[in-house]
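Okay, query.txt now, which holds compact mmCIF, C-alpha atoms:
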# COMPACT_ATOMS: atom_id res chain seq x y z
CA MET A 1 13.17 -16.83 3.26
CA LYS A 2 14.80 -15.97 -0.07
CA LEU A 3 12.41 -14.74 -2.74
CA ASN A 4 12.44 -15.99 -6.34
CA SER A 5 10.81 -14.73 -9.54
CA GLU A 6 7.58 -16.64 -8.94
CA ASP A 7 7.32 -15.14 -5.46
CA LEU A 8 7.71 -11.66 -6.96
CA LYS A 9 4.81 -12.18 -9.36
CA ASP A 10 2.57 -13.35 -6.53
CA LEU A 11 3.74 -10.51 -4.29
CA ALA A 12 3.04 -7.84 -6.91
CA LEU A 13 -0.46 -9.21 -7.50
CA GLY A 14 -1.27 -9.49 -3.79
CA ALA A 15 0.20 -6.07 -2.99
CA ALA A 16 -1.91 -4.48 -5.73
CA PHE A 17 -4.95 -5.99 -4.01
CA LEU A 18 -3.95 -4.81 -0.52
CA GLY A 19 -3.07 -1.38 -1.92
CA THR A 20 -6.78 -0.61 -2.52
CA GLY A 21 -5.96 1.09 -5.80
CA GLY A 22 -2.94 3.03 -4.55
CA GLY A 23 0.74 2.58 -3.79
CA GLY A 24 1.97 2.86 -7.37
CA ASP A 25 2.19 0.38 -10.22
CA PRO A 26 3.28 -3.03 -8.84
CA TYR A 27 4.46 -4.11 -12.29
CA VAL A 28 7.17 -1.46 -12.26
CA GLY A 29 8.27 -2.49 -8.78
CA ARG A 30 8.38 -6.18 -9.70
CA LEU A 31 10.63 -5.45 -12.67
CA MET A 32 12.99 -3.49 -10.43
CA VAL A 33 13.33 -6.42 -8.01
CA GLN A 34 13.64 -8.90 -10.89
CA GLN A 35 16.58 -6.88 -12.20
CA CYS A 36 18.28 -7.36 -8.83
CA LEU A 37 17.72 -11.13 -9.03
CA ASP A 38 19.04 -11.17 -12.60
CA GLU A 39 22.22 -9.50 -11.30
CA GLY A 40 22.66 -12.33 -8.81
CA LEU A 41 21.55 -10.35 -5.75
CA GLU A 42 19.44 -11.94 -3.01
CA VAL A 43 16.14 -10.77 -1.55
CA GLU A 44 15.81 -12.08 2.01
CA VAL A 45 12.58 -11.59 3.99
CA ILE A 46 12.64 -12.15 7.75
CA ASP A 47 9.89 -12.43 10.35
CA PRO A 48 9.70 -9.55 12.87
CA SER A 49 10.42 -12.05 15.64
CA GLU A 50 13.91 -12.58 14.16
CA LEU A 51 14.91 -8.97 14.90
CA ASP A 52 17.01 -8.15 17.95
CA ASP A 53 15.17 -5.64 20.11
CA ASP A 54 17.99 -3.09 19.72
CA ALA A 55 18.42 -3.56 15.94
CA LEU A 56 18.05 -0.41 13.81
CA VAL A 57 15.36 -0.80 11.13
CA ILE A 58 14.94 1.93 8.49
CA PRO A 59 11.82 1.66 6.28
CA THR A 60 12.07 2.85 2.67
CA ALA A 61 9.40 3.84 0.15
CA MET A 62 8.19 6.01 -2.71
CA MET A 63 5.99 9.01 -1.94
CA GLY A 64 3.90 11.12 -4.29
CA ALA A 65 1.24 10.66 -6.94
CA PRO A 66 1.05 7.15 -8.47
CA THR A 67 0.01 8.69 -11.80
CA VAL A 68 3.41 10.44 -12.00
CA LEU A 69 5.27 7.17 -11.40
CA VAL A 70 3.91 5.72 -14.66
CA GLU A 71 5.91 8.31 -16.62
CA LYS A 72 8.79 8.84 -14.17
CA ILE A 73 10.15 5.34 -13.59
CA PRO A 74 12.87 5.12 -10.89
CA SER A 75 16.35 3.70 -11.46
CA GLY A 76 16.35 1.80 -8.17
CA ASP A 77 19.10 3.85 -6.49
CA GLU A 78 16.91 6.64 -5.12
CA ALA A 79 15.65 4.90 -1.97
CA VAL A 80 19.10 3.37 -1.41
CA ASN A 81 20.53 6.89 -1.36
CA SER A 82 17.88 8.00 1.14
CA LEU A 83 18.66 5.14 3.53
CA ARG A 84 22.41 5.73 3.34
CA SER A 85 21.96 9.44 4.04
CA LEU A 86 19.73 8.73 7.03
CA GLU A 87 22.30 6.26 8.37
CA ARG A 88 24.96 8.99 8.16
CA HIS A 89 22.71 11.45 9.96
CA LEU A 90 21.93 8.93 12.73
CA GLY A 91 25.53 7.74 12.98
CA ARG A 92 24.39 4.09 12.86
CA LYS A 93 24.07 1.36 10.27
CA ALA A 94 20.69 -0.25 9.65
CA GLN A 95 20.33 -3.96 10.29
CA ALA A 96 17.19 -4.21 8.12
CA THR A 97 14.73 -2.26 6.01
CA MET A 98 10.97 -2.74 5.68
CA PRO A 99 7.90 -1.36 3.87
CA ILE A 100 5.90 1.55 5.24
CA GLU A 101 2.88 0.20 3.34
CA ILE A 102 1.95 -3.02 1.60
CA GLY A 103 0.44 -1.50 -1.54
CA GLY A 104 1.75 -1.53 -5.08
CA ILE A 105 5.33 -0.40 -5.64
CA ASN A 106 5.90 0.29 -1.94
CA SER A 107 5.83 -3.43 -1.22
CA THR A 108 8.81 -3.78 -3.58
CA ILE A 109 10.96 -0.66 -3.03
CA PRO A 110 12.37 -2.11 0.25
CA LEU A 111 13.15 -5.36 -1.61
CA VAL A 112 15.29 -3.39 -4.06
CA VAL A 113 17.00 -1.55 -1.20
CA GLY A 114 17.61 -4.77 0.72
CA ALA A 115 19.00 -6.57 -2.34
CA ARG A 116 21.35 -3.73 -3.29
CA LEU A 117 22.61 -3.19 0.28
CA GLY A 118 22.61 -6.82 1.46
CA LEU A 119 20.00 -6.08 4.14
CA PRO A 120 17.07 -8.33 5.12
CA ILE A 121 13.54 -7.00 4.64
CA VAL A 122 11.17 -7.31 7.60
CA ASP A 123 7.89 -9.08 6.84
CA ALA A 124 5.67 -6.29 8.19
CA ASP A 125 4.57 -2.75 7.39
CA GLY A 126 2.95 0.31 8.96
CA MET A 127 -0.29 0.68 7.00
CA GLY A 128 -1.64 -2.80 6.27
CA ARG A 129 -2.76 -1.31 2.94
CA ALA A 130 -1.84 1.93 1.17
CA PHE A 131 -2.64 5.39 2.53
CA PRO A 132 -1.89 8.72 0.81
CA GLN A 133 -0.10 10.49 3.70
CA LEU A 134 3.03 9.63 5.65
CA GLU A 135 1.64 10.25 9.13
CA MET A 136 -0.97 7.53 8.47
CA GLU A 137 1.20 4.78 9.93
CA THR A 138 0.64 2.41 12.81
CA PHE A 139 4.27 3.23 13.60
CA GLY A 140 3.26 6.81 14.38
CA VAL A 141 -0.07 5.87 15.96
CA TYR A 142 1.81 3.90 18.60
CA GLY A 143 4.61 6.36 19.29
CA VAL A 144 7.39 6.13 16.66
CA SER A 145 8.61 9.43 15.16
CA GLY A 146 8.72 9.58 11.37
CA SER A 147 11.57 12.08 11.27
CA PRO A 148 14.40 12.60 10.78
CA MET A 149 13.68 11.46 7.24
CA VAL A 150 15.48 11.83 3.92
CA VAL A 151 13.80 12.54 0.56
CA SER A 152 15.71 11.81 -2.69
CA ASP A 153 15.04 12.08 -6.40
CA GLU A 154 16.52 10.51 -9.53
CA ASP A 155 18.95 13.41 -10.05
CA GLY A 156 20.75 12.93 -6.74
CA ASP A 157 19.02 15.81 -4.96
CA GLN A 158 18.21 15.17 -1.30
CA ALA A 159 16.44 16.87 1.58
CA LEU A 160 16.65 16.09 5.30
CA ILE A 161 13.34 16.66 7.07
CA MET A 162 13.38 17.40 10.80
CA ALA A 163 9.76 17.95 11.83
CA ARG A 164 8.10 18.61 15.19
CA ASP A 165 5.58 15.81 14.58
CA ASN A 166 4.58 13.28 11.93
CA ARG A 167 1.86 15.44 10.41
CA GLU A 168 4.31 18.30 9.90
CA MET A 169 6.80 15.80 8.43
CA GLU A 170 4.17 14.83 5.84
CA TRP A 171 3.44 18.47 4.98
CA LEU A 172 7.09 19.44 4.57
CA SER A 173 8.16 16.35 2.63
CA ARG A 174 5.11 16.61 0.34
CA GLY A 175 6.29 20.05 -0.74
CA VAL A 176 9.75 18.64 -1.46
CA ALA A 177 8.29 15.75 -3.45
CA ILE A 178 6.25 18.16 -5.55
CA ARG A 179 9.42 20.16 -6.32
CA MET A 180 11.12 16.88 -7.27
CA GLY A 181 8.52 16.28 -9.98
CA GLY A 182 5.57 14.79 -8.11
CA CYS A 183 7.17 11.67 -6.65
CA ALA A 184 10.30 10.98 -4.61
CA TYR A 185 11.97 8.22 -2.57
CA ILE A 186 12.27 8.24 1.18
CA ALA A 187 13.76 6.71 4.31
CA GLU A 188 11.81 7.45 7.50
CA TYR A 189 10.44 6.05 10.77
CA ALA A 190 13.82 4.69 11.83
CA MET A 191 13.09 2.45 14.83
CA SER A 192 14.30 -0.39 16.99
CA GLY A 193 13.46 -4.04 16.50
CA ALA A 194 11.36 -3.82 19.65
CA ASP A 195 9.34 -0.96 18.15
CA VAL A 196 8.78 -2.97 14.96
CA LYS A 197 7.30 -5.83 17.00
CA ARG A 198 5.13 -3.40 18.97
CA THR A 199 3.81 -1.11 16.22
CA ALA A 200 3.97 -2.88 12.83
CA ILE A 201 1.32 -5.02 11.15
CA PRO A 202 3.07 -8.40 10.92
CA ASN A 203 3.56 -10.76 7.98
CA THR A 204 2.00 -8.58 5.29
CA LEU A 205 4.65 -9.34 2.66
CA THR A 206 3.99 -13.07 2.96
CA LEU A 207 0.25 -12.34 3.07
CA ALA A 208 0.53 -10.48 -0.25
CA MET A 209 2.32 -13.51 -1.70
CA ARG A 210 -0.41 -15.82 -0.38
CA ILE A 211 -3.09 -13.65 -1.97
CA GLY A 212 -1.27 -13.56 -5.30
CA ARG A 213 -0.66 -17.31 -5.20
CA THR A 214 -4.30 -17.99 -4.33
CA LEU A 215 -5.53 -15.97 -7.30
CA ARG A 216 -2.98 -17.52 -9.67
CA GLU A 217 -3.64 -21.11 -8.63
CA ALA A 218 -7.42 -20.69 -8.72
CA LYS A 219 -7.26 -19.43 -12.29
CA SER A 220 -4.86 -22.20 -13.36
CA ARG A 221 -7.27 -24.79 -11.92
CA HIS A 222 -10.28 -23.08 -13.57
CA LEU A 223 -11.80 -22.22 -10.19
CA ASN A 224 -13.50 -18.96 -9.25
CA PRO A 225 -10.64 -16.72 -8.02
CA PHE A 226 -13.00 -14.49 -6.04
CA ASP A 227 -14.33 -17.48 -4.09
CA ALA A 228 -10.77 -18.71 -3.45
CA LEU A 229 -9.72 -15.32 -2.08
CA LEU A 230 -12.79 -15.04 0.14
CA GLU A 231 -11.96 -18.48 1.57
CA LEU A 232 -8.38 -17.40 2.32
CA LEU A 233 -9.10 -14.14 4.16
CA PRO A 234 -10.65 -15.60 7.35
CA GLN A 235 -7.36 -17.47 7.89
CA THR A 236 -5.50 -14.13 8.14
CA LEU A 237 -5.57 -10.90 10.17
CA TYR A 238 -7.86 -9.60 7.39
CA HIS A 239 -10.64 -11.76 8.71
CA HIS A 240 -13.62 -10.85 6.52
CA GLY A 241 -14.22 -10.03 2.85
CA ARG A 242 -17.20 -9.72 0.55
CA ILE A 243 -18.12 -8.61 -2.98
CA ILE A 244 -20.10 -5.40 -2.52
CA PHE A 245 -20.73 -4.50 -6.19
CA THR A 246 -20.27 -5.64 -9.77
CA GLY A 247 -20.70 -3.40 -12.77
CA LYS A 248 -19.25 -1.32 -15.60
CA ILE A 249 -17.20 1.83 -15.12
CA ALA A 250 -19.41 4.55 -16.57
CA ASP A 251 -17.33 7.59 -15.65
CA MET A 252 -13.85 8.29 -14.29
CA ARG A 253 -12.65 11.63 -12.94
CA ARG A 254 -8.99 11.98 -12.08
CA GLU A 255 -6.47 14.77 -11.50
CA THR A 256 -3.06 15.21 -9.89
CA ARG A 257 -3.12 18.02 -7.34
CA ASN A 258 -0.96 18.92 -4.33
CA GLY A 259 1.08 15.74 -4.79
CA PHE A 260 -1.95 13.41 -4.77
CA SER A 261 -4.06 11.60 -7.36
CA LEU A 262 -7.61 12.78 -6.66
CA GLY A 263 -10.85 11.71 -8.27
CA SER A 264 -13.84 9.41 -8.32
CA ALA A 265 -15.17 6.41 -10.21
CA ARG A 266 -18.82 5.83 -11.12
CA ILE A 267 -19.86 2.21 -11.70
CA GLU A 268 -23.23 1.17 -13.12
CA GLY A 269 -24.51 -2.10 -11.63
CA LEU A 270 -24.72 -5.35 -13.58
CA GLY A 271 -26.22 -8.74 -12.81
CA ARG A 272 -27.52 -9.06 -9.26
CA PHE A 273 -26.29 -5.56 -8.39
CA SER A 274 -28.47 -2.62 -9.37
CA GLY A 275 -28.00 1.10 -8.94
CA THR A 276 -24.83 3.17 -9.17
CA MET A 277 -21.70 2.92 -7.06
CA GLU A 278 -19.54 6.01 -6.50
CA ILE A 279 -16.01 5.54 -5.16
CA GLU A 280 -14.00 8.54 -3.94
CA ILE A 281 -10.24 8.41 -4.45
CA GLN A 282 -7.21 10.09 -2.87
CA ASN A 283 -4.41 7.91 -4.28
CA GLU A 284 -6.46 5.03 -2.78
CA ASN A 285 -10.15 4.13 -2.73
CA LEU A 286 -11.62 5.80 0.37
CA ILE A 287 -15.38 5.28 0.40
CA ALA A 288 -17.88 3.35 -1.71
CA ARG A 289 -21.54 4.38 -1.86
CA VAL A 290 -24.42 2.79 -3.79
CA ASP A 291 -27.13 5.33 -4.56
CA GLY A 292 -25.83 7.38 -1.64
CA VAL A 293 -25.69 4.51 0.88
CA VAL A 294 -22.22 3.73 2.28
CA LYS A 295 -21.10 0.14 1.59
CA ALA A 296 -17.45 0.38 2.72
CA ILE A 297 -15.23 3.08 4.18
CA VAL A 298 -11.59 3.68 5.05
CA PRO A 299 -9.58 2.13 6.72
CA ASP A 300 -11.26 -1.09 5.50
CA LEU A 301 -10.08 -2.09 2.05
CA ILE A 302 -12.03 -1.22 -1.11
CA CYS A 303 -10.51 -3.19 -3.97
CA ILE A 304 -11.59 -2.75 -7.60
CA MET A 305 -10.88 -5.92 -9.60
CA ASP A 306 -11.40 -7.05 -13.18
CA SER A 307 -14.59 -9.14 -13.16
CA GLU A 308 -13.15 -11.73 -15.55
CA THR A 309 -9.56 -12.14 -14.34
CA ALA A 310 -9.81 -10.94 -10.69
CA GLU A 311 -6.75 -8.75 -11.36
CA PRO A 312 -6.69 -5.75 -8.99
CA ILE A 313 -6.86 -2.44 -10.86
CA THR A 314 -4.85 0.52 -9.56
CA THR A 315 -6.52 3.93 -9.66
CA GLU A 316 -4.30 5.18 -12.49
CA ASN A 317 -5.40 2.21 -14.63
CA LEU A 318 -9.16 2.58 -14.18
CA ARG A 319 -10.84 3.21 -17.54
CA TYR A 320 -14.32 3.79 -18.93
CA GLY A 321 -16.04 0.56 -19.93
CA GLN A 322 -14.11 -1.83 -17.69
CA ARG A 323 -16.23 -4.59 -16.14
CA VAL A 324 -15.26 -4.67 -12.48
CA SER A 325 -16.09 -6.29 -9.17
CA VAL A 326 -15.57 -4.34 -5.94
CA MET A 327 -14.44 -6.31 -2.89
CA ALA A 328 -14.39 -4.90 0.65
CA VAL A 329 -12.08 -6.39 3.27
CA ALA A 330 -11.77 -5.91 7.04
CA VAL A 331 -8.39 -4.60 8.19
CA PRO A 332 -6.54 -5.93 11.28
CA GLU A 333 -7.77 -4.77 14.68
CA ILE A 334 -4.58 -2.75 15.29
CA MET A 335 -5.90 -0.44 12.54
CA ARG A 336 -9.37 -0.04 14.08
CA THR A 337 -8.51 1.27 17.55
CA PRO A 338 -9.63 4.80 18.50
CA GLU A 339 -5.97 5.89 18.32
CA ALA A 340 -5.64 4.53 14.78
CA LEU A 341 -8.94 5.99 13.55
CA ALA A 342 -7.81 9.40 14.83
CA VAL A 343 -4.90 9.21 12.36
CA PHE A 344 -6.37 7.44 9.31
CA GLY A 345 -10.10 7.11 9.90
CA PRO A 346 -12.78 8.72 7.69
CA SER A 347 -12.59 12.18 9.30
CA CYS A 348 -8.90 12.41 8.39
CA PHE A 349 -9.95 12.48 4.73
CA GLY A 350 -12.74 15.00 5.21
CA LEU A 351 -15.44 12.33 5.04
CA ASP A 352 -18.54 13.05 7.13
CA HIS A 353 -19.43 9.40 7.73
CA PRO A 354 -18.19 7.46 10.79
CA PHE A 355 -16.19 4.28 10.42
CA ILE A 356 -18.40 1.20 10.33
CA PRO A 357 -16.69 -2.22 10.02
CA ILE A 358 -17.46 -3.89 6.71
CA GLU A 359 -18.68 -7.07 8.41
CA THR A 360 -21.46 -5.15 10.17
CA MET A 361 -22.75 -3.34 7.06
CA ALA A 362 -25.78 -4.57 5.16
CA LEU A 363 -25.23 -5.54 1.54

This structure in structure tokens:
Amino acid sequence: MKLNSEDLKDLALGAAFLGTGGGGDPYVGRLMVQQCLDEGLEVEVIDPSELDDDALVIPTAMMGAPTVLVEKIPSGDEAVNSLRSLERHLGRKAQATMPIEIGGINSTIPLVVGARLGLPIVDADGMGRAFPQLEMETFGVYGVSGSPMVVSDEDGDQALIMARDNREMEWLSRGVAIRMGGCAYIAEYAMSGADVKRTAIPNTLTLAMRIGRTLREAKSRHLNPFDALLELLPQTLYHHGRIIFTGKIADMRRETRNGFSLGSARIEGLGRFSGTMEIEIQNENLIARVDGVVKAIVPDLICIMDSETAEPITTENLRYGQRVSVMAVAVPEIMRTPEALAVFGPSCFGLDHPFIPIETMAL
């Protein structure tokens, strides 16, 4: 399918929701893709089933702190340069690119790369949301190596990372990204079409568009957008969602450290919700507690949304006084296996609470 401007708006909105607060500003990414369309370039999205098993697919993305991206807007060439360099290193041309995550700007960076290089973008990703670290991919969980990878910045500097495992790749490339100003643009997890079909979470780009379209159409028809979204989710791999809190942001702590946006949000309950919700953040929302009781935990989604408009709010845009609703969503089963939880479950973030599926938690 070829994407148009309306698709991009829906995609940016849906990707901001799936990004659980992280992944970078989707507005910036949408403008970058729109510029490609304005230049007459095409953005073609293909289903994973359309890939030949021996096709070379090279995912592309931004890495670093989303707060830095707000002030350090990319030109659009950085990730292109990373993919081209990785092709030269591998001695093969890519037949497609794809997202590593479906949150924020990283749902759109591959669209820019695909448009500028004439490559299709695979409708799938390796996180099903946004995660802060590069080893936190279903690609890696199920056996794909993240390196060799290439890291590029806006000045044309590049680094080739050859790591012994995916965790070491994250550690080394994070140091490079910090030296490049806190965010950089990458090509990694080069894999075959067969590996894409085996390890990726399918159809997340089109899911993001469906979410964005659902929210947009509900508002245009003066329907409750939260109800419309909750009706959509059971039709997808993200089979369960619920509003777990509504309130006012009473305090926001945020800092950029070690290449991550770290912090917490405190929300005072309003309406039928009483008490205080605390949400811990590492680029993305990791755990939500009400008066100390866990209500949702990574890898399930914790999405902070404007209570009036249902617009998802990224962590860098959270502000004191905002009226918000917090929605929790179940992730696909491929992200809940013991192998997956060993890579991006609660313990991987230093949380001392086990993973409990959102649909089994009491409100």

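Taking CA of Phe226 in chain A as the reference point, CA of His240 in chain A is found at 13.1 Å.
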
Shell around Thr314 in chain A at 7 Å using all atoms listed in the file, local window under 3 positions removed, as an mmCIF file with C-alpha atoms, keeping the file's coordinate frame:
data_model
loop_
_atom_site.group_PDB
_atom_site.id
_atom_site.type_symbol
_atom_site.label_atom_id
_atom_site.label_comp_id
_atom_site.auth_asym_id
_atom_site.auth_seq_id
_atom_site.Cartn_x
_atom_site.Cartn_y
_atom_site.Cartn_z
ATOM 1 C CA ALA A 16 -1.910 -4.480 -5.730
ATOM 2 C CA GLY A 21 -5.960 1.090 -5.800
ATOM 3 C CA GLY A 22 -2.940 3.030 -4.550
ATOM 4 C CA ASN A 317 -5.400 2.210 -14.630
ATOM 5 C CA LEU A 318 -9.160 2.580 -14.180
#

What does the structure give for the distance between CA of Val33 in chain A and CA of Gly103 in chain A, in Å to one decimal?
15.2 Å

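Considering the residues A:Ala265, A:Met191, A:Leu301, A:Met361 and counting all atoms listed in the file, Ala55 in chain A has its shortest atom-to-atom contact with A:Met191.
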
If we count all atoms listed in the file and set the cut-off at 9 Å, which residues sit around range 141-155 of chain A, ignoring sequence neighbours fewer than 3 positions away in its own chain? Please answer as a ChimeraX atom specification.
/A:63,74-79,81-83,85-86,89-90,134-138,158-166,169-170,173,176-177,180-181,183-191,195,198-199,339-340,342-343

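Shortest separation to Glu308 in chain A among A:Gly350, A:Arg266, A:Lys219, A:Ile358 occurs at residue A:Lys219, atoms counted being all atoms listed in the file.
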
Residue contacts of range 270-279 of chain A (9 Å, only C-alpha atoms) excluding same-chain residues fewer than 4 positions away, as a list of chain:residue names
A:Ile244, A:Phe245, A:Thr246, A:Gly247, A:Lys248, A:Gly263, A:Ser264, A:Ala265, A:Arg266, A:Asn285, A:Leu286, A:Ile287, A:Ala288, A:Arg289, A:Val290, A:Asp291, A:Gly292, A:Ile302, A:Arg323

For a quick check of understanding, using all atoms listed in the file, which of A:Gly156, A:Pro26, A:Pro225, A:Pro299 has the smallest distance to Ile102 in chain A?
A:Pro26

Nearest to Pro202 in chain A: which of A:Asp47, A:Glu316, A:Asp7, A:Glu217 is it, counting only C-alpha atoms?
A:Asp47

Output: range 318-330 of chain A of the preceding structure, restricted to N, CA, C and O atoms, written as a compact mmCIF listing (two decimals), in the first residue's frame.
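Result file decode.txt:
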# COMPACT_ATOMS: atom_id res chain seq x y z
N LEU A 318 4.84 15.88 28.96
CA LEU A 318 4.04 15.88 30.19
C LEU A 318 4.32 17.15 30.98
O LEU A 318 5.47 17.55 31.14
N ARG A 319 3.26 17.78 31.48
CA ARG A 319 3.39 19.04 32.20
C ARG A 319 2.48 19.06 33.42
O ARG A 319 1.41 18.46 33.43
N TYR A 320 2.89 19.83 34.42
CA TYR A 320 2.05 20.04 35.60
C TYR A 320 0.70 20.60 35.19
O TYR A 320 0.61 21.51 34.35
N GLY A 321 -0.36 20.07 35.79
CA GLY A 321 -1.70 20.60 35.58
C GLY A 321 -2.48 19.94 34.48
O GLY A 321 -3.70 20.16 34.37
N GLN A 322 -1.84 19.14 33.64
CA GLN A 322 -2.58 18.46 32.57
C GLN A 322 -3.59 17.47 33.16
O GLN A 322 -3.28 16.75 34.10
N ARG A 323 -4.81 17.48 32.58
CA ARG A 323 -5.81 16.48 32.94
C ARG A 323 -5.62 15.29 32.02
O ARG A 323 -5.69 15.43 30.79
N VAL A 324 -5.37 14.12 32.61
CA VAL A 324 -4.99 12.97 31.80
C VAL A 324 -5.79 11.73 32.19
O VAL A 324 -6.29 11.62 33.31
N SER A 325 -5.90 10.82 31.23
CA SER A 325 -6.41 9.48 31.47
C SER A 325 -5.30 8.50 31.13
O SER A 325 -4.59 8.68 30.14
N VAL A 326 -5.15 7.47 31.94
CA VAL A 326 -4.09 6.47 31.74
C VAL A 326 -4.75 5.18 31.30
O VAL A 326 -5.60 4.63 32.00
N MET A 327 -4.36 4.70 30.11
CA MET A 327 -4.89 3.46 29.57
C MET A 327 -3.80 2.40 29.58
O MET A 327 -2.66 2.66 29.20
N ALA A 328 -4.14 1.21 30.02
CA ALA A 328 -3.23 0.06 29.97
C ALA A 328 -3.72 -0.91 28.91
O ALA A 328 -4.93 -1.11 28.75
N VAL A 329 -2.76 -1.51 28.17
CA VAL A 329 -3.10 -2.37 27.04
C VAL A 329 -2.22 -3.61 27.07
O VAL A 329 -1.01 -3.53 27.30
N ALA A 330 -2.83 -4.76 26.82
CA ALA A 330 -2.09 -6.02 26.74
C ALA A 330 -1.28 -6.08 25.45
O ALA A 330 -1.79 -5.74 24.38
